[in-house]
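S.K.: To be precise about what I am sending: the file is called my_file.pdb and holds PDB, C-alpha atoms and all ligand atoms.
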MODEL        1
ATOM      1  CA  MET L   1     -66.575  76.948  28.972
ATOM      2  CA  THR L   2     -63.064  75.444  28.788
ATOM      3  CA  GLN L   3     -61.178  75.808  32.002
ATOM      4  CA  PRO L   4     -57.456  76.627  31.859
ATOM      5  CA  ARG L   5     -55.361  73.730  33.129
ATOM      6  CA  ILE L   6     -52.996  74.884  35.852
ATOM      7  CA  MET L   7     -50.222  72.858  37.438
ATOM      8  CA  ILE L   8     -49.642  73.567  41.132
ATOM      9  CA  LEU L   9     -46.162  72.811  42.477
ATOM     10  CA  ALA L  10     -46.117  72.917  46.265
ATOM     11  CA  THR L  11     -43.008  73.646  48.318
ATOM     12  CA  GLY L  12     -44.496  74.487  51.742
ATOM     13  CA  GLY L  13     -44.321  77.825  53.544
ATOM     14  CA  THR L  14     -46.966  79.634  55.550
ATOM     15  CA  ILE L  15     -49.574  79.155  52.828
ATOM     16  CA  ALA L  16     -49.450  75.494  53.873
ATOM     17  CA  GLY L  17     -48.814  76.375  57.507
ATOM     18  CA  SER L  18     -50.859  75.525  60.558
ATOM     19  CA  ALA L  19     -51.048  77.139  64.000
ATOM     20  CA  GLY L  20     -53.470  74.506  65.308
ATOM     21  CA  SER L  21     -55.729  77.374  66.440
ATOM     22  CA  ALA L  22     -57.288  80.390  64.732
ATOM     23  CA  LEU L  23     -55.796  82.675  67.393
ATOM     24  CA  GLY L  24     -52.405  81.020  67.822
ATOM     25  CA  ARG L  25     -49.206  83.008  67.460
ATOM     26  CA  GLY L  26     -46.656  80.324  66.741
ATOM     27  CA  TYR L  27     -47.142  78.018  63.757
ATOM     28  CA  ARG L  28     -45.358  75.484  61.606
ATOM     29  CA  ALA L  29     -44.845  76.077  57.888
ATOM     30  CA  GLY L  30     -45.507  73.379  55.280
ATOM     31  CA  GLN L  31     -48.089  71.285  57.173
ATOM     32  CA  LEU L  32     -50.885  71.085  54.551
ATOM     33  CA  GLY L  33     -50.336  68.607  51.715
ATOM     34  CA  ILE L  34     -50.914  69.504  48.088
ATOM     35  CA  ASP L  35     -54.146  67.453  47.980
ATOM     36  CA  GLU L  36     -55.643  69.472  50.855
ATOM     37  CA  LEU L  37     -54.620  72.727  49.191
ATOM     38  CA  VAL L  38     -56.043  71.746  45.795
ATOM     39  CA  SER L  39     -59.299  70.459  47.268
ATOM     40  CA  ALA L  40     -59.738  73.636  49.381
ATOM     41  CA  ALA L  41     -59.139  75.649  46.210
ATOM     42  CA  ARG L  42     -61.642  73.552  44.230
ATOM     43  CA  GLU L  43     -64.286  74.221  46.884
ATOM     44  CA  LEU L  44     -63.987  77.929  46.096
ATOM     45  CA  GLY L  45     -65.402  77.158  42.633
ATOM     46  CA  LEU L  46     -62.441  78.626  40.760
ATOM     47  CA  VAL L  47     -62.759  78.431  36.969
ATOM     48  CA  ALA L  48     -59.657  76.299  36.459
ATOM     49  CA  ASP L  49     -58.656  72.675  36.106
ATOM     50  CA  LEU L  50     -56.117  72.266  38.921
ATOM     51  CA  SER L  51     -53.625  69.448  39.340
ATOM     52  CA  GLY L  52     -50.805  69.309  41.825
ATOM     53  CA  GLU L  53     -47.395  67.902  42.633
ATOM     54  CA  GLU L  54     -45.516  68.212  45.909
ATOM     55  CA  ILE L  55     -41.906  69.266  45.412
ATOM     56  CA  ALA L  56     -41.209  69.877  49.111
ATOM     57  CA  ALA L  57     -42.992  70.692  52.360
ATOM     58  CA  VAL L  58     -40.602  73.101  54.035
ATOM     59  CA  GLY L  59     -40.359  76.641  55.282
ATOM     60  CA  SER L  60     -38.609  78.663  52.607
ATOM     61  CA  GLN L  61     -35.596  79.237  54.858
ATOM     62  CA  ASP L  62     -34.769  75.621  53.929
ATOM     63  CA  ILE L  63     -35.242  76.000  50.172
ATOM     64  CA  GLY L  64     -32.006  75.447  48.310
ATOM     65  CA  TRP L  65     -30.322  73.805  45.389
ATOM     66  CA  GLY L  66     -32.174  70.455  45.659
ATOM     67  CA  GLU L  67     -35.628  72.074  45.705
ATOM     68  CA  TRP L  68     -34.651  74.527  42.955
ATOM     69  CA  GLN L  69     -33.504  71.706  40.691
ATOM     70  CA  ALA L  70     -36.730  69.776  41.283
ATOM     71  CA  LEU L  71     -38.826  72.914  40.682
ATOM     72  CA  TYR L  72     -37.012  73.829  37.481
ATOM     73  CA  ALA L  73     -37.451  70.281  36.122
ATOM     74  CA  ALA L  74     -41.158  70.164  37.057
ATOM     75  CA  ILE L  75     -41.867  73.608  35.577
ATOM     76  CA  THR L  76     -40.001  72.752  32.374
ATOM     77  CA  ARG L  77     -42.106  69.567  32.026
ATOM     78  CA  ALA L  78     -45.345  71.421  32.755
ATOM     79  CA  ILE L  79     -44.834  74.305  30.334
ATOM     80  CA  ALA L  80     -43.864  71.848  27.570
ATOM     81  CA  ASP L  81     -47.307  70.226  27.913
ATOM     82  CA  PRO L  82     -49.625  71.961  25.417
ATOM     83  CA  ALA L  83     -52.594  71.301  27.723
ATOM     84  CA  VAL L  84     -51.072  73.316  30.598
ATOM     85  CA  ALA L  85     -51.910  77.048  30.546
ATOM     86  CA  GLY L  86     -49.741  78.068  33.478
ATOM     87  CA  VAL L  87     -47.892  76.999  36.612
ATOM     88  CA  ILE L  88     -48.331  78.073  40.241
ATOM     89  CA  VAL L  89     -45.591  77.490  42.807
ATOM     90  CA  THR L  90     -46.716  77.714  46.423
ATOM     91  CA  HIS L  91     -43.742  78.975  48.417
ATOM     92  CA  GLY L  92     -42.784  80.474  51.750
ATOM     93  CA  THR L  93     -42.553  84.221  51.538
ATOM     94  CA  ASP L  94     -39.106  84.622  53.123
ATOM     95  CA  THR L  95     -37.083  83.529  50.096
ATOM     96  CA  ALA L  96     -39.781  83.717  47.401
ATOM     97  CA  GLU L  97     -37.960  86.592  45.727
ATOM     98  CA  GLU L  98     -34.810  84.491  45.329
ATOM     99  CA  THR L  99     -36.596  81.461  43.880
ATOM    100  CA  ALA L 100     -38.648  83.688  41.576
ATOM    101  CA  TRP L 101     -35.558  85.522  40.327
ATOM    102  CA  LEU L 102     -33.563  82.306  39.756
ATOM    103  CA  LEU L 103     -36.448  80.833  37.739
ATOM    104  CA  ASP L 104     -37.013  84.086  35.870
ATOM    105  CA  LEU L 105     -33.393  84.117  34.721
ATOM    106  CA  THR L 106     -33.460  80.477  33.597
ATOM    107  CA  LEU L 107     -36.916  80.025  32.017
ATOM    108  CA  PRO L 108     -38.313  81.462  28.792
ATOM    109  CA  ALA L 109     -40.865  84.251  29.305
ATOM    110  CA  GLY L 110     -43.757  82.302  27.785
ATOM    111  CA  LYS L 111     -46.487  80.640  29.818
ATOM    112  CA  PRO L 112     -47.076  82.231  33.213
ATOM    113  CA  VAL L 113     -45.150  80.891  36.194
ATOM    114  CA  VAL L 114     -46.565  82.405  39.390
ATOM    115  CA  LEU L 115     -45.175  82.127  42.918
ATOM    116  CA  VAL L 116     -47.668  82.620  45.710
ATOM    117  CA  GLY L 117     -47.489  82.460  49.487
ATOM    118  CA  ALA L 118     -49.208  83.731  52.593
ATOM    119  CA  MET L 119     -48.287  85.837  55.586
ATOM    120  CA  ARG L 120     -50.741  84.036  57.871
ATOM    121  CA  PRO L 121     -51.125  80.282  58.260
ATOM    122  CA  ALA L 122     -54.074  78.521  56.674
ATOM    123  CA  ASP L 123     -55.997  78.109  59.947
ATOM    124  CA  ALA L 124     -55.403  81.649  61.299
ATOM    125  CA  VAL L 125     -58.262  84.097  61.580
ATOM    126  CA  GLY L 126     -58.019  86.394  58.543
ATOM    127  CA  SER L 127     -55.655  84.065  56.702
ATOM    128  CA  ASP L 128     -54.569  85.509  53.356
ATOM    129  CA  GLY L 129     -53.548  82.164  51.849
ATOM    130  CA  MET L 130     -56.666  81.162  49.940
ATOM    131  CA  ARG L 131     -57.252  84.669  48.631
ATOM    132  CA  ASN L 132     -53.664  84.874  47.381
ATOM    133  CA  PHE L 133     -54.059  81.413  45.882
ATOM    134  CA  ALA L 134     -57.326  82.326  44.104
ATOM    135  CA  ASN L 135     -55.567  85.448  42.766
ATOM    136  CA  ALA L 136     -52.662  83.319  41.526
ATOM    137  CA  VAL L 137     -55.103  81.012  39.707
ATOM    138  CA  ARG L 138     -56.613  84.028  37.977
ATOM    139  CA  VAL L 139     -53.160  85.227  36.880
ATOM    140  CA  ALA L 140     -51.847  81.799  35.808
ATOM    141  CA  GLY L 141     -54.953  81.179  33.691
ATOM    142  CA  ASP L 142     -54.931  84.582  31.999
ATOM    143  CA  THR L 143     -53.699  84.874  28.395
ATOM    144  CA  GLY L 144     -52.477  88.409  29.213
ATOM    145  CA  ALA L 145     -49.997  86.896  31.687
ATOM    146  CA  HIS L 146     -47.897  85.403  28.873
ATOM    147  CA  GLY L 147     -44.531  87.002  28.188
ATOM    148  CA  ARG L 148     -44.133  88.612  31.608
ATOM    149  CA  GLY L 149     -41.550  86.221  33.041
ATOM    150  CA  VAL L 150     -41.887  84.702  36.495
ATOM    151  CA  MET L 151     -44.256  86.615  38.770
ATOM    152  CA  VAL L 152     -45.103  86.773  42.455
ATOM    153  CA  VAL L 153     -48.728  87.267  43.502
ATOM    154  CA  MET L 154     -49.219  88.611  47.039
ATOM    155  CA  GLY L 155     -51.607  91.069  48.671
ATOM    156  CA  ASP L 156     -53.835  91.563  45.589
ATOM    157  CA  ALA L 157     -50.867  92.623  43.457
ATOM    158  CA  VAL L 158     -48.771  90.965  40.739
ATOM    159  CA  PHE L 159     -45.014  91.653  40.780
ATOM    160  CA  ALA L 160     -42.262  90.832  38.295
ATOM    161  CA  ALA L 161     -39.559  88.579  39.738
ATOM    162  CA  SER L 162     -36.911  91.184  38.951
ATOM    163  CA  ASP L 163     -38.686  93.840  41.039
ATOM    164  CA  VAL L 164     -40.336  91.993  43.891
ATOM    165  CA  ARG L 165     -39.064  92.032  47.445
ATOM    166  CA  LYS L 166     -40.404  91.179  50.863
ATOM    167  CA  ALA L 167     -40.515  94.490  52.723
ATOM    168  CA  ALA L 168     -42.307  93.654  55.987
ATOM    169  CA  THR L 169     -42.070  90.802  58.452
ATOM    170  CA  SER L 170     -45.746  90.305  59.182
ATOM    171  CA  ASN L 171     -48.195  92.582  57.339
ATOM    172  CA  ILE L 172     -50.352  90.874  54.751
ATOM    173  CA  ASP L 173     -49.288  93.733  52.451
ATOM    174  CA  ALA L 174     -45.647  92.688  52.832
ATOM    175  CA  PHE L 175     -44.497  92.661  49.227
ATOM    176  CA  LYS L 176     -43.294  95.638  47.241
ATOM    177  CA  GLY L 177     -41.741  96.190  43.842
ATOM    178  CA  PHE L 178     -38.564  98.156  43.093
ATOM    179  CA  PRO L 179     -37.868  99.956  40.855
ATOM    180  CA  ARG L 180     -41.232  99.112  39.329
ATOM    181  CA  GLY L 181     -44.279  98.678  41.505
ATOM    182  CA  PRO L 182     -46.769  95.957  40.606
ATOM    183  CA  LEU L 183     -47.388  94.818  37.019
ATOM    184  CA  GLY L 184     -51.073  94.710  37.820
ATOM    185  CA  LEU L 185     -53.736  94.357  40.452
ATOM    186  CA  VAL L 186     -55.676  91.167  41.001
ATOM    187  CA  SER L 187     -58.577  89.912  43.051
ATOM    188  CA  PRO L 188     -60.427  86.608  42.803
ATOM    189  CA  ALA L 189     -62.916  88.430  40.540
ATOM    190  CA  SER L 190     -60.713  90.770  38.485
ATOM    191  CA  LEU L 191     -57.289  91.260  36.944
ATOM    192  CA  ASP L 192     -55.913  94.544  35.577
ATOM    193  CA  TRP L 193     -52.545  94.698  33.863
ATOM    194  CA  PHE L 194     -50.982  98.166  33.894
ATOM    195  CA  ALA L 195     -48.979  97.690  30.653
ATOM    196  CA  PRO L 196     -48.482  95.131  27.862
ATOM    197  CA  ALA L 197     -46.175  92.162  28.518
ATOM    198  CA  ALA L 198     -42.610  93.495  28.432
ATOM    199  CA  LYS L 199     -40.803  90.183  27.868
ATOM    200  CA  ALA L 200     -42.933  88.588  25.150
ATOM    201  CA  GLY L 201     -40.851  86.156  23.073
ATOM    202  CA  GLU L 202     -37.770  86.353  25.338
ATOM    203  CA  GLN L 203     -35.775  83.177  25.786
ATOM    204  CA  ALA L 204     -34.074  82.216  29.060
ATOM    205  CA  ARG L 205     -31.093  84.468  29.841
ATOM    206  CA  PHE L 206     -29.110  81.596  31.406
ATOM    207  CA  THR L 207     -29.012  77.861  30.892
ATOM    208  CA  TRP L 208     -29.755  75.897  34.046
ATOM    209  CA  PRO L 209     -26.390  75.430  35.816
ATOM    210  CA  GLU L 210     -24.933  72.092  36.900
ATOM    211  CA  ALA L 211     -24.333  73.624  40.319
ATOM    212  CA  LEU L 212     -24.455  77.052  41.913
ATOM    213  CA  PRO L 213     -21.060  78.359  43.007
ATOM    214  CA  ARG L 214     -20.517  79.584  46.535
ATOM    215  CA  VAL L 215     -21.210  83.327  46.727
ATOM    216  CA  GLU L 216     -21.314  84.976  50.141
ATOM    217  CA  ILE L 217     -23.143  88.138  51.166
ATOM    218  CA  LEU L 218     -21.189  90.407  53.537
ATOM    219  CA  TYR L 219     -23.364  92.715  55.628
ATOM    220  CA  ALA L 220     -21.627  96.053  56.185
ATOM    221  CA  HIS L 221     -21.872  97.910  59.484
ATOM    222  CA  ALA L 222     -20.145 100.630  61.488
ATOM    223  CA  ASP L 223     -16.779  99.701  62.989
ATOM    224  CA  MET L 224     -16.194  96.845  60.511
ATOM    225  CA  ASP L 225     -12.791  95.347  59.819
ATOM    226  CA  ALA L 226     -11.696  93.139  56.936
ATOM    227  CA  GLN L 227     -11.985  89.812  58.761
ATOM    228  CA  PRO L 228     -15.402  88.868  57.276
ATOM    229  CA  VAL L 229     -13.926  89.199  53.773
ATOM    230  CA  ALA L 230     -11.032  86.900  54.714
ATOM    231  CA  SER L 231     -13.440  84.444  56.366
ATOM    232  CA  ALA L 232     -15.698  84.290  53.302
ATOM    233  CA  LEU L 233     -12.722  83.584  51.054
ATOM    234  CA  ALA L 234     -11.390  81.006  53.518
ATOM    235  CA  ILE L 235     -14.607  78.977  53.298
ATOM    236  CA  GLY L 236     -14.378  78.911  49.509
ATOM    237  CA  ALA L 237     -16.433  81.849  48.262
ATOM    238  CA  VAL L 238     -15.762  82.418  44.553
ATOM    239  CA  GLY L 239     -17.889  85.555  44.457
ATOM    240  CA  LEU L 240     -18.796  88.224  47.021
ATOM    241  CA  VAL L 241     -21.792  90.510  47.365
ATOM    242  CA  LEU L 242     -21.500  93.486  49.684
ATOM    243  CA  ALA L 243     -24.742  94.448  51.445
ATOM    244  CA  GLY L 244     -23.206  97.859  51.789
ATOM    245  CA  LEU L 245     -24.002 101.043  53.638
ATOM    246  CA  GLY L 246     -26.122 103.581  51.746
ATOM    247  CA  GLN L 247     -24.946 103.562  48.138
ATOM    248  CA  GLY L 248     -23.131 100.249  48.690
ATOM    249  CA  ASN L 249     -20.245 101.580  50.742
ATOM    250  CA  ALA L 250     -18.084 100.008  53.467
ATOM    251  CA  SER L 251     -15.138 100.925  55.680
ATOM    252  CA  ALA L 252     -11.722 101.461  54.067
ATOM    253  CA  PRO L 253     -10.307  98.090  55.296
ATOM    254  CA  VAL L 254     -13.312  96.245  53.870
ATOM    255  CA  LEU L 255     -13.123  98.043  50.517
ATOM    256  CA  ASP L 256      -9.373  97.342  50.333
ATOM    257  CA  ALA L 257      -9.881  93.641  51.110
ATOM    258  CA  LEU L 258     -12.650  93.424  48.511
ATOM    259  CA  GLN L 259     -10.391  95.126  45.980
ATOM    260  CA  SER L 260      -7.686  92.498  46.596
ATOM    261  CA  ALA L 261     -10.283  89.744  46.165
ATOM    262  CA  SER L 262     -11.401  91.259  42.892
ATOM    263  CA  ARG L 263      -7.758  91.521  41.711
ATOM    264  CA  ASP L 264      -7.398  87.818  42.565
ATOM    265  CA  GLY L 265     -10.335  86.963  40.280
ATOM    266  CA  VAL L 266     -13.153  86.825  42.845
ATOM    267  CA  PRO L 267     -15.930  89.058  41.470
ATOM    268  CA  VAL L 268     -17.283  91.635  43.921
ATOM    269  CA  VAL L 269     -20.753  93.149  43.559
ATOM    270  CA  ARG L 270     -21.700  96.166  45.637
ATOM    271  CA  ALA L 271     -25.365  96.205  46.699
ATOM    272  CA  SER L 272     -26.972  98.064  49.609
ATOM    273  CA  ARG L 273     -28.358  97.067  52.979
ATOM    274  CA  VAL L 274     -30.832  99.950  52.563
ATOM    275  CA  ASP L 275     -34.292  98.717  51.643
ATOM    276  CA  GLU L 276     -34.731 100.683  48.442
ATOM    277  CA  GLY L 277     -32.689 102.594  45.903
ATOM    278  CA  TYR L 278     -30.052 102.172  43.223
ATOM    279  CA  VAL L 279     -26.392 101.430  43.752
ATOM    280  CA  ASP L 280     -24.682 103.116  40.816
ATOM    281  CA  ARG L 281     -21.091 102.965  39.655
ATOM    282  CA  ASN L 282     -18.421 105.372  40.865
ATOM    283  CA  VAL L 283     -20.630 107.497  43.123
ATOM    284  CA  GLU L 284     -18.912 107.150  46.518
ATOM    285  CA  VAL L 285     -16.736 104.171  45.640
ATOM    286  CA  ASP L 286     -14.366 104.164  42.656
ATOM    287  CA  ASP L 287     -15.572 100.970  40.972
ATOM    288  CA  ASP L 288     -13.389 101.500  37.915
ATOM    289  CA  ALA L 289     -10.230 101.627  40.029
ATOM    290  CA  ARG L 290     -11.236  98.858  42.435
ATOM    291  CA  GLY L 291     -12.684  96.411  39.873
ATOM    292  CA  PHE L 292     -16.149  96.235  41.437
ATOM    293  CA  VAL L 293     -19.589  95.714  39.912
ATOM    294  CA  ALA L 294     -22.536  97.882  41.022
ATOM    295  CA  ALA L 295     -25.743  95.965  41.748
ATOM    296  CA  ARG L 296     -27.907  98.825  40.416
ATOM    297  CA  SER L 297     -31.524  98.046  41.387
ATOM    298  CA  PHE L 298     -30.881  94.551  42.756
ATOM    299  CA  ASN L 299     -30.847  93.926  46.482
ATOM    300  CA  PRO L 300     -28.079  91.721  47.945
ATOM    301  CA  GLN L 301     -30.048  88.463  47.792
ATOM    302  CA  LYS L 302     -31.001  88.986  44.159
ATOM    303  CA  ALA L 303     -27.489  90.183  43.302
ATOM    304  CA  ARG L 304     -26.194  86.930  44.775
ATOM    305  CA  ILE L 305     -28.398  84.793  42.493
ATOM    306  CA  LEU L 306     -27.392  86.763  39.395
ATOM    307  CA  LEU L 307     -23.708  86.585  40.317
ATOM    308  CA  GLN L 308     -23.977  82.822  40.866
ATOM    309  CA  LEU L 309     -25.470  82.357  37.395
ATOM    310  CA  LEU L 310     -22.838  84.604  35.807
ATOM    311  CA  ILE L 311     -19.996  82.676  37.436
ATOM    312  CA  ALA L 312     -21.612  79.321  36.585
ATOM    313  CA  GLY L 313     -22.031  80.521  32.993
ATOM    314  CA  GLY L 314     -18.331  81.371  32.725
ATOM    315  CA  VAL L 315     -18.847  85.144  32.509
ATOM    316  CA  THR L 316     -15.746  86.882  33.804
ATOM    317  CA  GLY L 317     -14.567  90.443  34.209
ATOM    318  CA  PRO L 318     -16.313  93.424  35.788
ATOM    319  CA  ALA L 319     -17.417  94.936  32.449
ATOM    320  CA  ALA L 320     -19.363  91.862  31.275
ATOM    321  CA  MET L 321     -20.789  91.398  34.756
ATOM    322  CA  GLN L 322     -21.791  95.051  34.988
ATOM    323  CA  ALA L 323     -23.680  94.724  31.688
ATOM    324  CA  ALA L 324     -25.699  91.853  33.207
ATOM    325  CA  PHE L 325     -26.533  93.948  36.291
ATOM    326  CA  ASP L 326     -27.485  96.931  34.118
ATOM    327  CA  ARG L 327     -30.047  94.872  32.242
ATOM    328  CA  ARG L 328     -33.543  94.604  33.651
TER     329      ARG L 328
HETATM  330  C1  LIG S   1     -41.464  80.785  54.957
HETATM  331  O1  LIG S   1     -40.887  81.589  54.227
HETATM  332  O2  LIG S   1     -41.570  79.587  54.673
HETATM  333  C2  LIG S   1     -42.046  81.223  56.252
HETATM  334  C3  LIG S   1     -42.716  82.525  56.166
HETATM  335  C4  LIG S   1     -43.819  82.583  55.145
HETATM  336  O3  LIG S   1     -44.120  81.703  54.389
HETATM  337  O4  LIG S   1     -44.439  83.668  55.136
ENDMDL
END
Go ahead and express the file in the form of structure tokens.
M.R.:
Amino acid sequence: MTQPRIMILATGGTIAGSAGSALGRGYRAGQLGIDELVSAARELGLVADLSGEEIAAVGSQDIGWGEWQALYAAITRAIADPAVAGVIVTHGTDTAEETAWLLDLTLPAGKPVVLVGAMRPADAVGSDGMRNFANAVRVAGDTGAHGRGVMVVMGDAVFAASDVRKAATSNIDAFKGFPRGPLGLVSPASLDWFAPAAKAGEQARFTWPEALPRVEILYAHADMDAQPVASALAIGAVGLVLAGLGQGNASAPVLDALQSASRDGVPVVRASRVDEGYVDRNVEVDDDARGFVAARSFNPQKARILLQLLIAGGVTGPAAMQAAFDRR
């Protein structure tokens, strides 16, 4: 039986983390090298031809432009190779949704690209890393995974990059989808897709940018004045995302300062600090009058990535930006 060839790109995170003891509490992310990970995976007897490349060995709090550029280049090379069936990126869980969403917006929805991580380090009792990894191998080698865009596999579920978010700090069932739940359920022995591939044949929405512009997220809270808006602009932000209250709201001074920024050509996207739910236009805040964009289903960190790509791509004006946020 021919085994699907899968390229593993390692970046670190808890899946490669070590506590030095099965019962330890503290641990360090990104300690296991790609060779150790691939050979541990081979020992499971997975039906796949695995090869690996180390892009980084960091906790995902330290993932940024350099790692993203290297990942994009390595994935582009891998998917252009006719022998490669799919790509797995091992990644810390903290910013996996941002990396997944950036790649989803900049890669064609062809061969599967699957991010996977772990909530418990590799040497912890009950570690979820190898199970998640075996699940990711099953997804990346599955012909039914084509045309679904970038995915995240965690906790026996497969999520689309556009929907996935980390919703718990330590449970192994930490990932959720919004507005859609998982695309399918997976185990090392089975894979069930809930619907046909929704993005079959889609090309990348954005070309890979030469740089990502500075976009700051402002976290709204009670008793907030406009100083954070001024500070963000003073350090060179060319776009602002509000992690707003409820439906993306903020105090009057903050909304007024954001309106001035928008009038001065700095796009403002209203998202919510609430874990789940839409931020729609003109509900509590008059977006038409103030020149704002509503993040709709995207949380602040995903709204930031989309806004960065829009600015880098030369898209201007709230109407064109709103159309990009309306699209899923
Ligand atoms: C990280 O994001 O690198 C640390 C946490 C994790 O991987 O779960």
S.K.: Report the residues retrieved by the PyMOL selection byres (((not hetatm)) within 10 of (chain S and resi 1)) from the displayed file, expressed as a PyMOL selection string.
M.R.: chain L and resi 11-17+27-30+57-63+90-96+116-121+129+166+169-172+174
S.K.: Smallest atom-to-atom distance to Ala319 of chain L: which of L:Ala145, L:Val293, L:Ala73, L:Leu102, using only C-alpha atoms?
M.R.: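 That would be L:Val293, the residue with the smallest distance to Ala319 of chain L.
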S.K.: Report the distance between atom CA of Asp225 of chain L and atom CA of Ile311 of chain L in Å, rounded to one decimal place.
M.R.: 26.7 Å
S.K.: When you draw a straight line from atom CA of Ala271 of chain L to atom CA of Leu245 of chain L, how long is it in Å?
M.R.: 8.6 Å
S.K.: Counting all atoms listed in the file, what is within 10 Å of Val279 of chain L, bar same-chain residues fewer than 3 positions away, as a ChimeraX atom specification?
M.R.: /L:244,246-249,270-272,274,276,282-284,293-299
